[in-house]
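Below is start_38.csv, which holds CSV, C-alpha atoms and all ligand atoms.
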chain,number,residue,atom,x,y,z
A,1128,MET,CA,4.9,2.6,-9.4
A,1129,SER,CA,1.4,4.1,-9.7
A,1130,ASP,CA,1.2,6.6,-6.9
A,1131,GLU,CA,-2.5,7.1,-6.5
A,1132,ILE,CA,-4.8,5.3,-4.0
A,1133,LEU,CA,-8.0,4.8,-5.9
A,1134,ASP,CA,-11.6,4.6,-4.6
A,1135,VAL,CA,-13.5,1.6,-5.9
A,1136,ASP,CA,-17.0,0.3,-5.5
A,1137,LEU,CA,-17.2,-3.3,-4.2
A,1138,LEU,CA,-20.9,-3.4,-4.7
A,1139,ALA,CA,-20.5,-2.6,-8.4
A,1140,PHE,CA,-18.2,-5.6,-8.7
A,1141,GLU,CA,-20.9,-7.8,-7.1
A,1142,GLN,CA,-24.0,-6.4,-8.7
A,1143,GLY,CA,-23.0,-4.5,-11.7
A,1144,SER,CA,-22.6,-5.3,-15.4
A,1145,GLY,CA,-19.6,-7.1,-16.9
A,1146,ALA,CA,-18.0,-3.8,-17.8
A,1147,GLN,CA,-18.5,-2.4,-14.3
A,1148,ARG,CA,-17.1,-5.5,-12.8
A,1149,ARG,CA,-14.0,-5.2,-15.0
A,1150,ALA,CA,-13.6,-1.6,-14.1
A,1151,VAL,CA,-13.5,-2.4,-10.4
A,1152,VAL,CA,-10.9,-5.2,-10.9
A,1153,ASP,CA,-8.8,-2.8,-13.0
A,1154,GLY,CA,-9.1,0.0,-10.4
A,1155,VAL,CA,-8.1,-2.4,-7.6
A,1156,THR,CA,-5.1,-3.8,-9.5
A,1157,ARG,CA,-3.8,-0.3,-10.3
A,1158,SER,CA,-4.3,1.0,-6.8
A,1159,LEU,CA,-2.7,-1.9,-5.2
A,1160,ALA,CA,0.6,-0.9,-6.7
A,1161,THR,CA,0.6,1.3,-3.6
A,1162,GLY,CA,-0.6,-1.5,-1.4
A,1163,PHE,CA,-3.7,0.5,-0.6
A,1164,VAL,CA,-7.2,1.0,-2.0
A,1165,TYR,CA,-10.4,2.6,-0.7
A,1166,THR,CA,-13.8,0.9,-1.2
A,1167,SER,CA,-17.5,1.5,-0.6
A,1168,HIS,CA,-19.1,-1.1,1.6
A,1169,ASP,CA,-22.4,-2.1,3.2
A,1170,VAL,CA,-21.4,-2.4,6.9
A,1171,PRO,CA,-24.2,-0.7,8.8
A,1172,ASP,CA,-23.3,2.6,10.4
A,1173,ASP,CA,-25.0,1.7,13.6
A,1174,LEU,CA,-22.8,-1.4,14.0
A,1175,LEU,CA,-19.7,0.8,13.7
A,1176,ASP,CA,-21.2,3.4,16.1
A,1177,THR,CA,-22.1,0.8,18.7
A,1178,ALA,CA,-18.8,-1.0,18.5
A,1179,TYR,CA,-16.7,2.1,18.6
A,1180,GLY,CA,-18.8,3.4,21.6
A,1181,LEU,CA,-18.3,0.3,23.6
A,1182,LEU,CA,-14.6,0.1,22.7
A,1183,ARG,CA,-14.1,3.7,23.9
A,1184,GLU,CA,-15.9,2.7,27.2
A,1185,PHE,CA,-13.3,-0.1,27.6
A,1186,PHE,CA,-10.3,2.0,26.9
A,1187,GLU,CA,-11.5,4.7,29.3
A,1188,LYS,CA,-11.4,2.1,32.2
A,1189,THR,CA,-8.5,2.2,34.7
A,1190,PRO,CA,-5.3,0.3,33.8
A,1191,ASP,CA,-6.2,-2.4,36.4
A,1192,GLU,CA,-9.6,-2.9,34.9
A,1193,LYS,CA,-8.1,-3.2,31.4
A,1194,GLN,CA,-5.7,-5.8,32.7
A,1195,ILE,CA,-8.6,-8.0,33.6
A,1196,ALA,CA,-8.9,-8.5,29.9
A,1197,ALA,CA,-5.3,-9.4,29.4
A,1198,ALA,CA,-4.6,-12.9,28.1
A,1199,PRO,CA,-1.2,-14.1,29.3
A,1200,GLY,CA,0.2,-16.8,27.1
A,1201,SER,CA,-1.7,-15.7,24.0
A,1202,ASN,CA,1.2,-13.6,22.6
A,1203,GLY,CA,-1.1,-10.7,22.0
A,1204,GLN,CA,-3.5,-12.7,19.8
A,1205,THR,CA,-6.5,-12.1,22.1
A,1206,GLY,CA,-7.4,-9.7,24.9
A,1207,TYR,CA,-5.8,-6.5,26.0
A,1208,THR,CA,-2.1,-5.5,25.3
A,1209,GLY,CA,-0.9,-2.4,27.1
A,1210,LEU,CA,1.0,0.6,26.0
A,1211,LEU,CA,4.6,0.4,24.6
A,1212,VAL,CA,4.7,-3.4,23.9
A,1213,GLU,CA,4.2,-4.0,20.2
A,1214,THR,CA,7.3,-2.9,18.3
A,1215,ALA,CA,7.4,-2.8,14.5
A,1216,ALA,CA,10.0,-5.3,13.0
A,1217,SER,CA,11.9,-2.3,11.6
A,1218,SER,CA,12.2,-0.5,14.9
A,1219,ASP,CA,13.4,-0.9,18.5
A,1220,LYS,CA,11.1,1.7,19.9
A,1221,PRO,CA,7.7,0.2,21.0
A,1222,ASP,CA,4.6,1.8,19.6
A,1223,TRP,CA,2.7,4.4,21.7
A,1224,LYS,CA,-0.6,2.5,21.6
A,1225,GLU,CA,-2.7,0.1,23.5
A,1226,MET,CA,-5.0,-2.5,22.0
A,1227,LEU,CA,-7.7,-5.1,22.3
A,1228,ASN,CA,-7.6,-8.1,19.9
A,1229,TRP,CA,-10.3,-10.7,19.3
A,1230,ALA,CA,-11.6,-13.2,16.8
A,1231,THR,CA,-14.7,-15.4,16.5
A,1232,PRO,CA,-14.1,-18.6,18.4
A,1233,ILE,CA,-14.2,-21.9,16.6
A,1234,ALA,CA,-15.2,-25.3,18.1
A,1235,SER,CA,-12.5,-26.7,20.4
A,1236,GLY,CA,-12.5,-30.0,18.5
A,1237,HIS,CA,-12.0,-28.3,15.2
A,1238,PRO,CA,-8.8,-29.7,13.5
A,1239,LEU,CA,-7.5,-26.1,13.0
A,1240,LYS,CA,-7.7,-25.4,16.7
A,1241,ARG,CA,-6.3,-28.9,17.7
A,1242,ASN,CA,-3.3,-28.5,15.3
A,1243,TYR,CA,-2.7,-24.8,15.7
A,1244,PRO,CA,-3.7,-23.9,19.3
A,1245,GLY,CA,-1.5,-20.8,19.2
A,1246,SER,CA,-3.5,-19.4,16.3
A,1247,TYR,CA,-6.8,-20.1,18.0
A,1248,PRO,CA,-6.5,-19.1,21.7
A,1249,ASP,CA,-9.6,-19.2,23.9
A,1250,GLN,CA,-11.0,-15.7,23.5
A,1251,VAL,CA,-10.7,-13.1,26.2
A,1252,VAL,CA,-13.1,-10.3,25.9
A,1253,PRO,CA,-13.8,-7.5,28.4
A,1254,GLU,CA,-17.4,-8.5,29.2
A,1255,ALA,CA,-16.8,-8.1,33.0
A,1256,VAL,CA,-15.8,-4.5,32.6
A,1257,VAL,CA,-18.1,-3.5,29.7
A,1258,PRO,CA,-21.3,-5.7,29.9
A,1259,GLY,CA,-22.8,-6.4,26.5
A,1260,ILE,CA,-19.6,-5.9,24.5
A,1261,THR,CA,-19.0,-9.5,23.6
A,1262,GLU,CA,-22.0,-9.9,21.3
A,1263,VAL,CA,-21.2,-6.6,19.5
A,1264,LEU,CA,-17.5,-7.5,19.1
A,1265,TYR,CA,-18.2,-10.9,17.5
A,1266,ARG,CA,-20.9,-9.4,15.2
A,1267,PHE,CA,-18.5,-6.7,14.2
A,1268,HIS,CA,-15.7,-9.2,13.5
A,1269,ASP,CA,-17.9,-11.5,11.4
A,1270,THR,CA,-19.3,-8.5,9.3
A,1271,ILE,CA,-15.8,-7.2,8.5
A,1272,ALA,CA,-14.4,-10.7,7.9
A,1273,ASP,CA,-17.2,-11.2,5.3
A,1274,LEU,CA,-16.4,-7.9,3.6
A,1275,GLN,CA,-12.8,-9.0,3.4
A,1276,ARG,CA,-13.7,-12.4,1.9
A,1277,ARG,CA,-15.8,-10.5,-0.7
A,1278,PHE,CA,-13.0,-8.1,-1.5
A,1279,LEU,CA,-10.5,-10.9,-2.0
A,1280,ARG,CA,-12.8,-12.1,-4.9
A,1281,VAL,CA,-11.8,-8.9,-6.8
A,1282,ILE,CA,-8.2,-9.5,-6.1
A,1283,ALA,CA,-8.5,-13.1,-7.2
A,1284,GLU,CA,-9.9,-12.0,-10.5
A,1285,GLY,CA,-7.2,-9.4,-10.8
A,1286,ILE,CA,-4.4,-12.0,-10.6
A,1287,GLY,CA,-6.0,-14.4,-13.0
A,1288,CYS,CA,-7.4,-16.9,-10.5
A,1289,HIS,CA,-10.9,-18.1,-10.1
A,1290,GLU,CA,-12.9,-15.5,-8.1
A,1291,THR,CA,-13.4,-18.1,-5.3
A,1292,PHE,CA,-9.6,-18.8,-5.0
A,1293,PHE,CA,-9.4,-17.3,-1.5
A,1294,ASP,CA,-12.8,-18.5,-0.2
A,1295,ASP,CA,-11.5,-21.8,1.3
A,1296,MET,CA,-8.2,-20.3,2.3
A,1297,VAL,CA,-9.8,-17.9,4.7
A,1298,LYS,CA,-12.7,-20.0,5.9
A,1299,ASP,CA,-12.3,-20.4,9.7
A,1300,GLY,CA,-8.9,-18.7,9.3
A,1301,PRO,CA,-7.4,-16.9,12.4
A,1302,THR,CA,-8.5,-13.5,11.1
A,1303,LEU,CA,-8.0,-11.0,13.9
A,1304,THR,CA,-9.8,-7.8,14.8
A,1305,ARG,CA,-7.8,-5.2,16.7
A,1306,ALA,CA,-9.1,-2.0,18.4
A,1307,ILE,CA,-6.3,0.5,19.0
A,1308,ARG,CA,-6.1,3.5,21.2
A,1309,TYR,CA,-3.3,5.9,20.5
A,1310,PRO,CA,-3.0,8.3,23.4
A,1311,ALA,CA,-2.0,12.0,22.9
A,1312,MET,CA,1.7,12.3,22.2
A,1313,SER,CA,2.0,14.8,25.0
A,1314,GLU,CA,1.5,12.0,27.5
A,1315,LEU,CA,4.4,10.0,26.3
A,1316,ASP,CA,7.1,11.7,28.3
A,1317,VAL,CA,5.2,11.1,31.6
A,1318,ALA,CA,4.8,7.4,30.7
A,1319,LEU,CA,8.5,7.0,29.8
A,1320,GLY,CA,10.0,8.8,32.7
A,1321,ALA,CA,13.4,10.4,32.9
A,1322,ASP,CA,15.2,7.5,31.1
A,1323,GLY,CA,12.8,7.6,28.1
A,1324,GLU,CA,14.4,7.8,24.7
A,1325,PRO,CA,12.9,9.9,21.9
A,1326,GLY,CA,11.7,8.4,18.7
A,1327,HIS,CA,8.4,6.7,19.7
A,1328,VAL,CA,5.5,7.2,17.3
A,1329,TRP,CA,1.9,5.8,17.4
A,1330,ALA,CA,2.9,2.9,15.1
A,1331,ALA,CA,6.3,2.7,13.4
A,1332,ALA,CA,6.6,1.8,9.7
A,1333,HIS,CA,5.7,-1.7,8.8
A,1334,ALA,CA,3.9,-4.0,6.4
A,1335,ASP,CA,1.2,-6.3,7.8
A,1336,ILE,CA,1.9,-10.0,7.8
A,1337,ASN,CA,-1.5,-11.3,6.6
A,1338,LEU,CA,-3.3,-11.3,3.2
A,1339,ILE,CA,-5.2,-8.0,3.4
A,1340,THR,CA,-6.3,-5.7,6.2
A,1341,ALA,CA,-9.5,-3.7,6.5
A,1342,LEU,CA,-9.7,-0.3,8.3
A,1343,PRO,CA,-13.3,0.7,8.5
A,1344,ARG,CA,-12.9,3.9,10.5
A,1345,SER,CA,-10.6,6.0,12.6
A,1346,THR,CA,-11.3,9.0,14.7
A,1347,ALA,CA,-8.4,11.2,13.6
A,1348,PRO,CA,-5.9,11.3,10.7
A,1349,GLY,CA,-2.5,9.7,11.3
A,1350,LEU,CA,-2.2,6.7,8.9
A,1351,GLN,CA,0.4,7.3,6.2
A,1352,VAL,CA,1.4,5.1,3.3
A,1353,GLN,CA,4.8,4.9,1.7
A,1354,VAL,CA,4.4,5.7,-2.0
A,1355,ASN,CA,7.5,6.1,-4.2
A,1356,ASP,CA,9.6,6.8,-1.0
A,1357,GLU,CA,7.3,9.5,0.3
A,1358,TRP,CA,4.8,9.3,3.1
A,1359,VAL,CA,1.3,10.2,2.0
A,1360,ASP,CA,-1.8,10.5,4.2
A,1361,ALA,CA,-4.4,7.8,3.8
A,1362,ILE,CA,-7.7,9.7,3.7
A,1363,PRO,CA,-10.6,7.6,2.5
A,1364,PRO,CA,-13.7,9.2,1.1
A,1365,ASP,CA,-16.5,9.7,3.6
A,1366,ASP,CA,-17.8,6.2,4.6
A,1367,GLY,CA,-15.0,4.5,2.7
A,1368,VAL,CA,-13.2,1.5,4.1
A,1369,ILE,CA,-9.4,1.3,3.6
A,1370,ILE,CA,-8.0,-2.0,2.4
A,1371,ASN,CA,-4.2,-2.6,2.5
A,1372,THR,CA,-2.2,-5.6,1.4
A,1373,GLY,CA,0.1,-7.7,3.5
A,1374,LEU,CA,3.2,-9.8,3.1
A,1375,MET,CA,1.3,-13.1,2.6
A,1376,LEU,CA,-0.5,-11.7,-0.4
A,1377,GLU,CA,2.8,-10.4,-1.8
A,1378,ARG,CA,4.3,-13.9,-1.5
A,1379,LEU,CA,1.2,-15.6,-3.0
A,1380,THR,CA,1.3,-13.2,-6.0
A,1381,ASN,CA,5.0,-13.4,-6.5
A,1382,GLY,CA,5.3,-9.7,-5.7
A,1383,THR,CA,2.8,-8.7,-8.4
A,1384,ILE,CA,0.8,-7.2,-5.5
A,1385,PRO,CA,3.3,-5.6,-3.1
A,1386,SER,CA,2.5,-5.3,0.6
A,1387,GLY,CA,1.6,-1.8,1.6
A,1388,TRP,CA,4.1,0.0,3.9
A,1389,HIS,CA,2.5,2.2,6.4
A,1390,ARG,CA,2.9,4.0,9.7
A,1391,VAL,CA,0.7,5.9,12.1
A,1392,VAL,CA,2.0,9.3,13.3
A,1393,ALA,CA,0.2,12.2,15.0
A,1394,ALA,CA,-0.1,15.2,12.7
A,1395,PRO,CA,2.2,18.1,13.8
A,1396,GLY,CA,0.3,20.2,16.4
A,1397,TYR,CA,-2.4,17.5,16.9
A,1398,GLU,CA,-2.8,17.1,20.7
A,1399,GLY,CA,-5.6,14.6,20.8
A,1400,GLU,CA,-5.8,10.8,21.0
A,1401,ARG,CA,-6.8,8.5,18.1
A,1402,TYR,CA,-8.9,5.4,17.9
A,1403,SER,CA,-9.0,2.9,15.1
A,1404,VAL,CA,-10.2,-0.6,14.5
A,1405,VAL,CA,-8.5,-2.8,12.0
A,1406,GLN,CA,-9.0,-6.4,10.9
A,1407,PHE,CA,-6.2,-8.6,9.6
A,1408,CYS,CA,-7.5,-11.3,7.2
A,1409,HIS,CA,-5.5,-14.5,7.7
A,1410,PRO,CA,-5.4,-17.7,5.7
A,1411,ARG,CA,-5.8,-20.9,7.5
A,1412,PRO,CA,-2.5,-21.8,9.2
A,1413,TRP,CA,-2.0,-24.9,7.1
A,1414,THR,CA,-2.1,-22.9,3.9
A,1415,VAL,CA,1.1,-23.3,1.9
A,1416,LEU,CA,2.0,-19.8,0.7
A,1417,ALA,CA,3.6,-20.4,-2.6
A,1418,PRO,CA,3.4,-18.0,-5.6
A,1419,VAL,CA,0.4,-18.9,-7.8
A,1420,PRO,CA,1.2,-20.0,-11.4
A,1421,THR,CA,-0.6,-17.1,-13.0
A,1422,CYS,CA,1.9,-14.7,-11.3
A,1423,CYS,CA,5.0,-16.5,-12.4
A,1424,THR,CA,6.0,-15.8,-16.0
A,1425,PRO,CA,9.3,-15.7,-17.9
A,1426,GLU,CA,9.4,-11.9,-17.3
A,1427,SER,CA,8.6,-12.4,-13.6
A,1428,PRO,CA,10.1,-15.7,-12.5
A,1429,GLN,CA,9.2,-17.2,-9.2
A,1430,ARG,CA,10.7,-15.1,-6.5
A,1431,TYR,CA,9.5,-16.7,-3.3
A,1432,SER,CA,9.8,-20.2,-1.9
A,1433,ALA,CA,6.9,-21.8,-0.1
A,1434,ILE,CA,6.2,-21.5,3.6
A,1435,THR,CA,3.1,-22.3,5.7
A,1436,ALA,CA,1.0,-19.4,6.9
A,1437,ALA,CA,1.5,-20.7,10.5
A,1438,ASP,CA,5.3,-20.5,10.2
A,1439,ALA,CA,5.3,-17.1,8.5
A,1440,LEU,CA,3.1,-15.8,11.3
A,1441,ASP,CA,5.2,-17.2,14.1
A,1442,GLU,CA,8.3,-15.5,12.7
A,1443,VAL,CA,6.6,-12.1,12.5
A,1444,LEU,CA,5.1,-12.4,16.0
A,1445,TYR,CA,8.7,-12.7,17.3
A,1446,GLU,CA,9.9,-9.9,15.2
A,1447,ILE,CA,7.1,-7.5,16.4
A,1448,ASN,CA,7.9,-8.3,20.1
A,1449,LEU,CA,4.7,-10.1,20.9
A,1450,VAL,CA,6.2,-13.5,22.0
A,1451,GLU,CA,6.0,-13.2,25.7
A,1452,ALA,CA,8.8,-15.6,26.5
A,1453,ALA,CA,11.1,-14.0,24.0
A,1454,ARG,CA,10.6,-10.2,23.9
A,1455,ARG,CA,13.3,-8.6,21.7
A,1456,VAL,CA,12.6,-5.2,23.2
A,1457,GLN,CA,11.9,-4.9,26.9
B,1501,LIG,O1,-4.5,2.6,13.2
B,1501,LIG,C1,-4.3,2.5,12.0
B,1501,LIG,O2,-4.8,3.2,11.2
B,1501,LIG,C2,-3.4,1.4,11.4
B,1501,LIG,C3,-3.0,0.3,12.4
B,1501,LIG,C4,-2.0,-0.6,11.8
B,1501,LIG,O3,-1.3,-0.4,10.9
B,1501,LIG,C5,-1.8,-2.0,12.5
B,1501,LIG,O4,-2.2,-2.2,13.6
B,1501,LIG,O5,-1.2,-2.8,11.8
B,1502,FE,FE,-0.6,-2.2,10.0

Starting from the file, lay out its structure as structure tokens.
Ligand SMILES: O=C(O)CCC(=O)C(=O)O
Ligand SMILES: [Fe+2]
Amino acid sequence: MSDEILDVDLLAFEQGSGAQRRAVVDGVTRSLATGFVYTSHDVPDDLLDTAYGLLREFFEKTPDEKQIAAAPGSNGQTGYTGLLVETAASSDKPDWKEMLNWATPIASGHPLKRNYPGSYPDQVVPEAVVPGITEVLYRFHDTIADLQRRFLRVIAEGIGCHETFFDDMVKDGPTLTRAIRYPAMSELDVALGADGEPGHVWAAAHADINLITALPRSTAPGLQVQVNDEWVDAIPPDDGVIINTGLMLERLTNGTIPSGWHRVVAAPGYEGERYSVVQFCHPRPWTVLAPVPTCCTPESPQRYSAITAADALDEVLYEINLVEAARRVQ
């Protein structure tokens, strides 16, 4: 496996010459052997600053105030989820993190919402505790979602599909934005009490379920990627966005693009908290995830059967402990 996470220029793919465009496709294809790539972008800095500022204001509220933004019945797909709930499929120790999830609402009569209400819950945002946050969160969501749609065009070319292959697949998809606060590790013992078991980390090793994930900014190091059985720090260049691949893309590409395994751990000696906002780009739930013909060859025969995106997501939500009526880890 190639072991380097490369830095590419999405804008050169969109605006450059044929040779520049090919160089970006080539760089992305090589880098995604690790499941990760860094890219330049055109998301305005002040949008990131404003969103992160308001999110910090939210997470600094009292636990009771944050609970106002909880959305019972949504299985963590919108609103606030408290500390020590989400648990990586590979682990039985919940993550030391709290989070706020949101997505842009679609019309209630839209067939996607009628057929897949679980994927399109009515949005719960903390407007009551942080006035003005709703508009910023939705603007942030739409801006990053558009960046992901554009980045998928590079990937489409890289796998020999038409560059617009993913456009329809993600239009009105249940793409989810998630703000995460990881408290200082020193606070964990207090939270767990005397019976607490060791072994919790900020986020245990996992691969994301979706197509690709964008990570525009974090406030401290901690994200690590598994490359050739070693954990390496993911440190994007200044102003770079991290993109990582998920299990749905691995299935669609017949394993040609593996999903990126990652975890979030506090660096030894680091005593602070960490904030990050990530966005999971999802295909529409009715998408049948079957390997594309360009990725199935005599040397690489079809490895995966087909499954709908809705069913694939349902299975993972159970595995990661977000199904409220069936928590695997209490
Ligand atoms: O906080 C990060 O940098 C990554 C978070 C993550 O991997 C996730 O929420 O799936
Ligand atoms: Fe992740």

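CA of Val1297 (chain A) is found 19.2 Å from CA of Asp1249 (chain A).
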
Who sits within 8 Å of Pro1410 (chain A), only C-alpha atoms, same chain under 2 positions skipped, as a list in words: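 So, after excluding close chain neighbours, the residues are Met1296, Val1297, Lys1298, Gly1300, Pro1301, Thr1302, Asn1337, Leu1338, Cys1408, Pro1412, Thr1414 and Ala1436 of chain A.
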
What residues of the protein or nucleic acid chains come within 9 Å of ligand FE 1502 (chain B) when you use all atoms listed in the file? Reply as JSON, numbers by chain. {"A": [1330, 1332, 1333, 1334, 1335, 1336, 1340, 1371, 1373, 1387, 1388, 1389, 1390, 1391, 1405, 1407]}

Residue neighbourhood Val1151 (chain A), 10 Å, only C-alpha atoms, exclusion window fewer than 4 positions, as a PDB file with C-alpha atoms, keeping the file's coordinate frame:
ATOM      1  CA  ASP A1134     -11.600   4.600  -4.600  1.00  0.00           C
ATOM      2  CA  VAL A1135     -13.500   1.600  -5.900  1.00  0.00           C
ATOM      3  CA  ASP A1136     -17.000   0.300  -5.500  1.00  0.00           C
ATOM      4  CA  LEU A1137     -17.200  -3.300  -4.200  1.00  0.00           C
ATOM      5  CA  LEU A1138     -20.900  -3.400  -4.700  1.00  0.00           C
ATOM      6  CA  ALA A1139     -20.500  -2.600  -8.400  1.00  0.00           C
ATOM      7  CA  PHE A1140     -18.200  -5.600  -8.700  1.00  0.00           C
ATOM      8  CA  GLU A1141     -20.900  -7.800  -7.100  1.00  0.00           C
ATOM      9  CA  GLY A1143     -23.000  -4.500 -11.700  1.00  0.00           C
ATOM     10  CA  ALA A1146     -18.000  -3.800 -17.800  1.00  0.00           C
ATOM     11  CA  GLN A1147     -18.500  -2.400 -14.300  1.00  0.00           C
ATOM     12  CA  VAL A1155      -8.100  -2.400  -7.600  1.00  0.00           C
ATOM     13  CA  THR A1156      -5.100  -3.800  -9.500  1.00  0.00           C
ATOM     14  CA  ARG A1157      -3.800  -0.300 -10.300  1.00  0.00           C
ATOM     15  CA  THR A1166     -13.800   0.900  -1.200  1.00  0.00           C
ATOM     16  CA  VAL A1281     -11.800  -8.900  -6.800  1.00  0.00           C
ATOM     17  CA  ILE A1282      -8.200  -9.500  -6.100  1.00  0.00           C
ATOM     18  CA  GLY A1285      -7.200  -9.400 -10.800  1.00  0.00           C
TER      19      GLY A1285
END

Write out as an mmCIF file with C-alpha atoms, in the frame of the given file the residues lying within 12 Å of Leu1133 (chain A), counting all atoms listed in the file and excluding same-chain residues fewer than 2 positions away.
data_model
loop_
_atom_site.group_PDB
_atom_site.id
_atom_site.type_symbol
_atom_site.label_atom_id
_atom_site.label_comp_id
_atom_site.auth_asym_id
_atom_site.auth_seq_id
_atom_site.Cartn_x
_atom_site.Cartn_y
_atom_site.Cartn_z
ATOM 1 C CA SER A 1129 1.400 4.100 -9.700
ATOM 2 C CA ASP A 1130 1.200 6.600 -6.900
ATOM 3 C CA GLU A 1131 -2.500 7.100 -6.500
ATOM 4 C CA VAL A 1135 -13.500 1.600 -5.900
ATOM 5 C CA ASP A 1136 -17.000 0.300 -5.500
ATOM 6 C CA ALA A 1150 -13.600 -1.600 -14.100
ATOM 7 C CA VAL A 1151 -13.500 -2.400 -10.400
ATOM 8 C CA VAL A 1152 -10.900 -5.200 -10.900
ATOM 9 C CA ASP A 1153 -8.800 -2.800 -13.000
ATOM 10 C CA GLY A 1154 -9.100 0.000 -10.400
ATOM 11 C CA VAL A 1155 -8.100 -2.400 -7.600
ATOM 12 C CA THR A 1156 -5.100 -3.800 -9.500
ATOM 13 C CA ARG A 1157 -3.800 -0.300 -10.300
ATOM 14 C CA SER A 1158 -4.300 1.000 -6.800
ATOM 15 C CA LEU A 1159 -2.700 -1.900 -5.200
ATOM 16 C CA ALA A 1160 0.600 -0.900 -6.700
ATOM 17 C CA THR A 1161 0.600 1.300 -3.600
ATOM 18 C CA GLY A 1162 -0.600 -1.500 -1.400
ATOM 19 C CA PHE A 1163 -3.700 0.500 -0.600
ATOM 20 C CA VAL A 1164 -7.200 1.000 -2.000
ATOM 21 C CA TYR A 1165 -10.400 2.600 -0.700
ATOM 22 C CA THR A 1166 -13.800 0.900 -1.200
ATOM 23 C CA SER A 1167 -17.500 1.500 -0.600
ATOM 24 C CA ALA A 1361 -4.400 7.800 3.800
ATOM 25 C CA ILE A 1362 -7.700 9.700 3.700
ATOM 26 C CA PRO A 1363 -10.600 7.600 2.500
ATOM 27 C CA PRO A 1364 -13.700 9.200 1.100
ATOM 28 C CA GLY A 1367 -15.000 4.500 2.700
ATOM 29 C CA VAL A 1368 -13.200 1.500 4.100
ATOM 30 C CA ILE A 1369 -9.400 1.300 3.600
ATOM 31 C CA ILE A 1370 -8.000 -2.000 2.400
ATOM 32 C CA ASN A 1371 -4.200 -2.600 2.500
#

Between CA of Val1328 (chain A) and CA of Ala1437 (chain A), what is the spacing in Å? 29.0 Å

Contact residues around region 1172-1182 of chain A with only C-alpha atoms at 9 Å, ignoring same-chain residues under 5 positions, as a list in words: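 Counting only C-alpha atoms, the residues come to Glu1187, Leu1227, Val1257, Gly1259, Ile1260, Val1263, Leu1264, Arg1266, Phe1267, Ala1306, Pro1343, Arg1344, Asp1366, Tyr1402, Ser1403 and Val1404 of chain A.
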
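Going from CA of Asp1316 (chain A) over to CA of Leu1350 (chain A), you cover 22.1 Å.
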
Name the residues in contact with Ala1393 (chain A) at a cut-off of 8 Å, using only C-alpha atoms, excluding same-chain residues fewer than 3 positions from it; report them as a list of chain:residue names. A:Met1312, A:Val1328, A:Trp1329, A:Pro1348, A:Gly1349, A:Tyr1397

Given only C-alpha atoms and all ligand atoms as the counted atoms, nearest of A:Arg1401, A:Lys1220, A:Arg1378, A:Arg1454 to ligand LIG 1501 (chain B):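 Nearest candidate to ligand LIG 1501 (chain B) out of A:Arg1401, A:Lys1220, A:Arg1378, A:Arg1454: A:Arg1401.
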
So which one's closest to ligand LIG 1501 (chain B), A:Pro1395, A:Pro1310, A:Gly1287, A:Pro1232? Using all atoms listed in the file, please. A:Pro1310

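Take the candidates A:Val1456, A:Asp1222, A:Leu1274, A:Trp1413 and check each one against Thr1435 (chain A) using all atoms listed in the file; the shortest distance goes to A:Trp1413.
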
Have a look at A:Ala1230, A:Ala1311, A:Cys1288, A:Val1251 and name the one nearest to Gly1399 (chain A); count all atoms listed in the file.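 Once distances to Gly1399 (chain A) are computed over all atoms listed in the file, the minimum belongs to A:Ala1311.
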
Which of these, A:Leu1279, A:Ala1272, A:Cys1423, A:Ile1447, has the shortest distance to ligand LIG 1501 (chain B) once you count only C-alpha atoms and all ligand atoms? A:Ile1447

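Proximity to ligand LIG 1501 (chain B) was assessed for A:Asp1438, A:Asp1360, A:Glu1446, A:Glu1426 counting only C-alpha atoms and all ligand atoms; the smallest distance is recorded for A:Asp1360.
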